[in-house]
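Below: one structure, written as structure tokens.
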Amino acid sequence: MKSFDRHDRLLAIGLSALAGYVDAVGFLATGGFFVSFMSGNSTRLGVGIAEMSGNAAIAAMLIGSFLVGVIAGSLIGRVAGRRHREVVPLLLAGLLGGAALLGDFQQLWPAAVLMAVAMGVENIFFAEGTEVRIGLTYMTGRLVKIGQMLAAALAGEDRWGWIPHVLLWSGLLGGGAAGAVAFILVGSDALWIAAAAALVIAVVARKPMAVAPPPA
């Protein structure tokens, strides 16, 4: 986050909030599985294997779907080149819209699969080649960074360096709260809001081109 300009920081916070929102909807809709937080699903997979429970298959399905999203987003990003920041949110909006439509027809698990694919795609937004500059759908590493930066501040080094990381974490937290409220109020139709938010991000992601001054 420290190397990001203001525009990219706002995009990162917005995408993190969207991930929290979608994850909360998925968590409530599936009864405790995650569509963006694959560490949690990995734990559920391990527990499910140990218990010989059907939950293992569900967790594995969501992990696989997330990986499909990362692969698809990476390949599409390579083709799109410099426009991948516009293409990724549009793909995200399409997948979330598809999940919302499936939810309207009471197709819970196909909708959850599309949500997990969408969250995999989202993580490619800040990718450069095979490197992802910042994770948007998981925050354990970000909390570690907050702790490190707070330690640096206490040591008299970078006094305010922890703030961008807290803002990113707060985006996920706020999005999660909003997603939970939306699901309680309107059920799976909450995903239509997420799809609309992804379209807004696609517009915001288009950095305005610098306009050359007229010749003297």
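Chain lettering (A, B, ...) mirrors the order of the structure tokens, residue numbering begins at 1 for each chain separately, and ligand numbering begins at 1 in order of display.
Residues lying within 9 Å of segment 37-41 of chain A, counting only C-alpha atoms and ignoring same-chain neighbours fewer than 5 positions away, are Asp23, Gly46, Ala56, Ile58, Ala59, Ala60, Leu62, Ile63, Phe66, Met119, Thr137, Tyr138 and Met139 of chain A.
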Save out the residues we just selected, C-alpha atoms, as a JSON list (two decimals), in the first residue's frame.
[["chain", "number", "residue", "atom", "x", "y", "z"],
["A", 23, "ASP", "CA", -17.75, -13.20, 1.44],
["A", 46, "GLY", "CA", -8.96, -30.60, 6.72],
["A", 56, "ALA", "CA", -14.82, -31.60, 2.79],
["A", 58, "ILE", "CA", -17.94, -28.45, -0.39],
["A", 59, "ALA", "CA", -14.74, -26.79, 0.82],
["A", 60, "ALA", "CA", -12.73, -28.45, -1.95],
["A", 62, "LEU", "CA", -14.99, -23.68, -3.39],
["A", 63, "ILE", "CA", -11.18, -23.79, -3.25],
["A", 66, "PHE", "CA", -11.35, -19.81, -6.50],
["A", 119, "MET", "CA", -13.17, -13.57, -5.85],
["A", 137, "THR", "CA", -9.75, -10.96, -0.37],
["A", 138, "TYR", "CA", -7.72, -12.02, 2.68],
["A", 139, "MET", "CA", -6.27, -9.97, 5.51]]
I'd like the contact shell of segment 183-188 of chain A - 8 Å cut-off, only C-alpha atoms, skipping same-chain residues fewer than 5 positions apart - returned as a PyMOL selection string. chain A and resi 25+28-29+100+103-104
Please produce a file of those selected residues containing all heavy atoms, as a short mmCIF file (atom, residue, chain, number, x, y, z; two decimals), in the first residue's frame.
data_model
loop_
_atom_site.label_atom_id
_atom_site.label_comp_id
_atom_site.auth_asym_id
_atom_site.auth_seq_id
_atom_site.Cartn_x
_atom_site.Cartn_y
_atom_site.Cartn_z
N VAL A 25 -22.00 -12.46 2.30
CA VAL A 25 -23.19 -13.03 1.66
C VAL A 25 -23.02 -14.54 1.47
O VAL A 25 -23.90 -15.33 1.79
CB VAL A 25 -23.47 -12.34 0.31
CG1 VAL A 25 -24.59 -13.05 -0.44
CG2 VAL A 25 -23.84 -10.87 0.53
N LEU A 28 -23.15 -16.51 4.88
CA LEU A 28 -24.51 -16.68 5.41
C LEU A 28 -25.35 -17.60 4.53
O LEU A 28 -26.15 -18.40 5.02
CB LEU A 28 -25.18 -15.31 5.56
CG LEU A 28 -24.56 -14.39 6.62
CD1 LEU A 28 -25.21 -13.02 6.57
CD2 LEU A 28 -24.70 -14.99 8.01
N ALA A 29 -25.17 -17.48 3.22
CA ALA A 29 -25.98 -18.28 2.29
C ALA A 29 -25.63 -19.76 2.36
O ALA A 29 -26.51 -20.63 2.21
CB ALA A 29 -25.80 -17.77 0.87
N ALA A 100 -26.03 -13.78 -8.79
CA ALA A 100 -27.29 -13.21 -8.32
C ALA A 100 -28.49 -13.83 -9.04
O ALA A 100 -29.52 -14.14 -8.44
CB ALA A 100 -27.28 -11.69 -8.52
N GLY A 103 -29.07 -17.21 -7.74
CA GLY A 103 -29.70 -17.10 -6.43
C GLY A 103 -31.19 -16.85 -6.54
O GLY A 103 -31.98 -17.37 -5.74
N ASP A 104 -31.59 -16.05 -7.54
CA ASP A 104 -33.02 -15.79 -7.75
C ASP A 104 -33.78 -17.06 -8.08
O ASP A 104 -34.98 -17.17 -7.81
CB ASP A 104 -33.21 -14.76 -8.87
CG ASP A 104 -32.81 -13.36 -8.45
OD1 ASP A 104 -32.70 -13.12 -7.23
OD2 ASP A 104 -32.60 -12.51 -9.33
#
Please list as a VMD selection string every residue within 12 Å of Val203 of chain A, counting only C-alpha atoms and excluding residues in the same chain fewer than 3 positions away. chain A and resid 11 83 85 to 90 93 196 to 200 206 to 208
Could you please write out, as a ChimeraX atom specification, every residue of segment 58-211 of chain A that DSSP assigns to helix (DSSP H, G or I)? /A:58-104,108-122,140-154,163-204
Which polymer residues have any atom within 6 Å of an atom of Ala118 of chain A, counting only C-alpha atoms, with same-chain residues fewer than 3 positions away left out, as a list in words? Leu92, Leu95, Met115 and Val121 of chain A
Preceding selection exported with N, CA, C and O atoms as a tab-separated table (two decimals), in the first residue's frame:
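Result file follows (part.tsv):
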chain	number	residue	atom	x	y	z
A	92	LEU	N	-15.66	-9.44	-13.17
A	92	LEU	CA	-16.15	-9.58	-11.80
A	92	LEU	C	-17.65	-9.28	-11.73
A	92	LEU	O	-18.43	-10.03	-11.13
A	95	LEU	N	-19.69	-12.13	-13.37
A	95	LEU	CA	-19.76	-13.33	-12.53
A	95	LEU	C	-20.70	-13.12	-11.35
A	95	LEU	O	-21.50	-14.01	-11.01
A	115	MET	N	-19.44	-17.12	-7.20
A	115	MET	CA	-18.92	-16.12	-6.27
A	115	MET	C	-17.45	-16.39	-5.97
A	115	MET	O	-16.62	-15.46	-5.93
A	121	VAL	N	-10.83	-14.06	-9.42
A	121	VAL	CA	-10.56	-13.06	-10.46
A	121	VAL	C	-10.14	-11.73	-9.84
A	121	VAL	O	-9.20	-11.07	-10.31
Which one of A:Glu128, A:Arg133, A:Ser53, A:Phe4 sits closest to Gly81 of chain A if you count only C-alpha atoms?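 Ranked by minimum distance to Gly81 of chain A, first place goes to A:Glu128.
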What's the 9 Å shell around Met149 of chain A, counting only C-alpha atoms, without same-chain residues fewer than 4 positions away, as a compact mmCIF listing (two decimals) with all heavy atoms, in the first residue's frame?
# COMPACT_ATOMS: atom_id res chain seq x y z
N VAL A 144 -0.58 -8.69 9.92
CA VAL A 144 0.83 -8.81 10.27
C VAL A 144 1.55 -7.51 9.91
O VAL A 144 2.37 -6.98 10.69
CB VAL A 144 1.49 -10.00 9.54
CG1 VAL A 144 3.00 -9.98 9.73
CG2 VAL A 144 0.91 -11.31 10.04
N LYS A 145 1.23 -6.96 8.73
CA LYS A 145 1.86 -5.70 8.30
C LYS A 145 1.48 -4.56 9.23
O LYS A 145 2.32 -3.70 9.55
CB LYS A 145 1.41 -5.38 6.87
CG LYS A 145 2.27 -4.33 6.18
CD LYS A 145 3.67 -4.85 5.94
CE LYS A 145 4.53 -3.84 5.21
NZ LYS A 145 5.91 -4.32 5.01
N ALA A 153 6.42 2.44 14.27
CA ALA A 153 5.99 3.74 14.81
C ALA A 153 6.43 3.89 16.26
O ALA A 153 6.90 4.96 16.68
CB ALA A 153 4.48 3.87 14.68
N LEU A 154 6.28 2.84 17.05
CA LEU A 154 6.69 2.88 18.45
C LEU A 154 8.20 3.05 18.58
O LEU A 154 8.69 3.62 19.57
CB LEU A 154 6.23 1.61 19.17
CG LEU A 154 4.71 1.47 19.37
CD1 LEU A 154 4.38 0.08 19.90
CD2 LEU A 154 4.20 2.55 20.32
N GLU A 157 10.19 5.33 13.99
CA GLU A 157 10.55 5.34 12.56
C GLU A 157 9.40 5.95 11.74
O GLU A 157 9.28 7.16 11.67
CB GLU A 157 10.89 3.92 12.12
CG GLU A 157 12.12 3.37 12.84
CD GLU A 157 12.37 1.90 12.58
OE1 GLU A 157 11.67 1.30 11.74
OE2 GLU A 157 13.27 1.32 13.23
N ASP A 158 8.58 5.11 11.12
CA ASP A 158 7.49 5.61 10.29
C ASP A 158 6.23 5.75 11.15
O ASP A 158 5.55 4.76 11.44
CB ASP A 158 7.24 4.64 9.12
CG ASP A 158 6.28 5.20 8.10
OD1 ASP A 158 5.62 6.22 8.39
OD2 ASP A 158 6.17 4.62 7.00
N ARG A 159 5.93 6.97 11.55
CA ARG A 159 4.86 7.18 12.54
C ARG A 159 3.48 6.82 12.02
O ARG A 159 2.65 6.31 12.76
CB ARG A 159 4.88 8.64 13.00
CG ARG A 159 3.82 8.96 14.05
CD ARG A 159 3.98 10.36 14.58
NE ARG A 159 5.24 10.54 15.29
CZ ARG A 159 5.62 11.69 15.87
NH1 ARG A 159 4.83 12.75 15.79
NH2 ARG A 159 6.78 11.77 16.49
N TRP A 160 3.22 7.08 10.74
CA TRP A 160 1.86 6.90 10.21
C TRP A 160 1.78 5.83 9.14
O TRP A 160 0.77 5.71 8.46
CB TRP A 160 1.34 8.22 9.64
CG TRP A 160 1.45 9.36 10.61
CD1 TRP A 160 2.24 10.45 10.51
CD2 TRP A 160 0.74 9.50 11.85
NE1 TRP A 160 2.09 11.28 11.59
CE2 TRP A 160 1.16 10.73 12.43
CE3 TRP A 160 -0.21 8.73 12.53
CZ2 TRP A 160 0.67 11.17 13.65
CZ3 TRP A 160 -0.70 9.19 13.75
CH2 TRP A 160 -0.26 10.38 14.29
N GLY A 161 2.80 5.03 8.97
CA GLY A 161 2.82 4.03 7.90
C GLY A 161 1.78 2.93 8.05
O GLY A 161 1.46 2.25 7.08
N TRP A 162 1.24 2.76 9.26
CA TRP A 162 0.26 1.71 9.50
C TRP A 162 -1.13 2.08 8.99
O TRP A 162 -1.98 1.21 8.77
CB TRP A 162 0.18 1.40 11.00
CG TRP A 162 -0.05 2.62 11.85
CD1 TRP A 162 0.90 3.47 12.34
CD2 TRP A 162 -1.31 3.15 12.28
NE1 TRP A 162 0.33 4.49 13.06
CE2 TRP A 162 -1.04 4.31 13.05
CE3 TRP A 162 -2.63 2.76 12.12
CZ2 TRP A 162 -2.05 5.08 13.63
CZ3 TRP A 162 -3.64 3.51 12.70
CH2 TRP A 162 -3.34 4.66 13.45
N ILE A 163 -1.38 3.36 8.77
CA ILE A 163 -2.74 3.81 8.45
C ILE A 163 -3.28 3.23 7.15
O ILE A 163 -4.42 2.73 7.11
CB ILE A 163 -2.81 5.36 8.43
CG1 ILE A 163 -2.62 5.89 9.86
CG2 ILE A 163 -4.14 5.84 7.85
CD1 ILE A 163 -2.64 7.41 9.96
N HIS A 165 -2.70 0.44 5.73
CA HIS A 165 -2.99 -0.97 5.93
C HIS A 165 -4.26 -1.16 6.78
O HIS A 165 -5.06 -2.06 6.52
CB HIS A 165 -1.81 -1.66 6.60
CG HIS A 165 -0.53 -1.51 5.83
ND1 HIS A 165 -0.28 -2.20 4.67
CD2 HIS A 165 0.56 -0.73 6.04
CE1 HIS A 165 0.91 -1.87 4.20
NE2 HIS A 165 1.44 -0.97 5.03
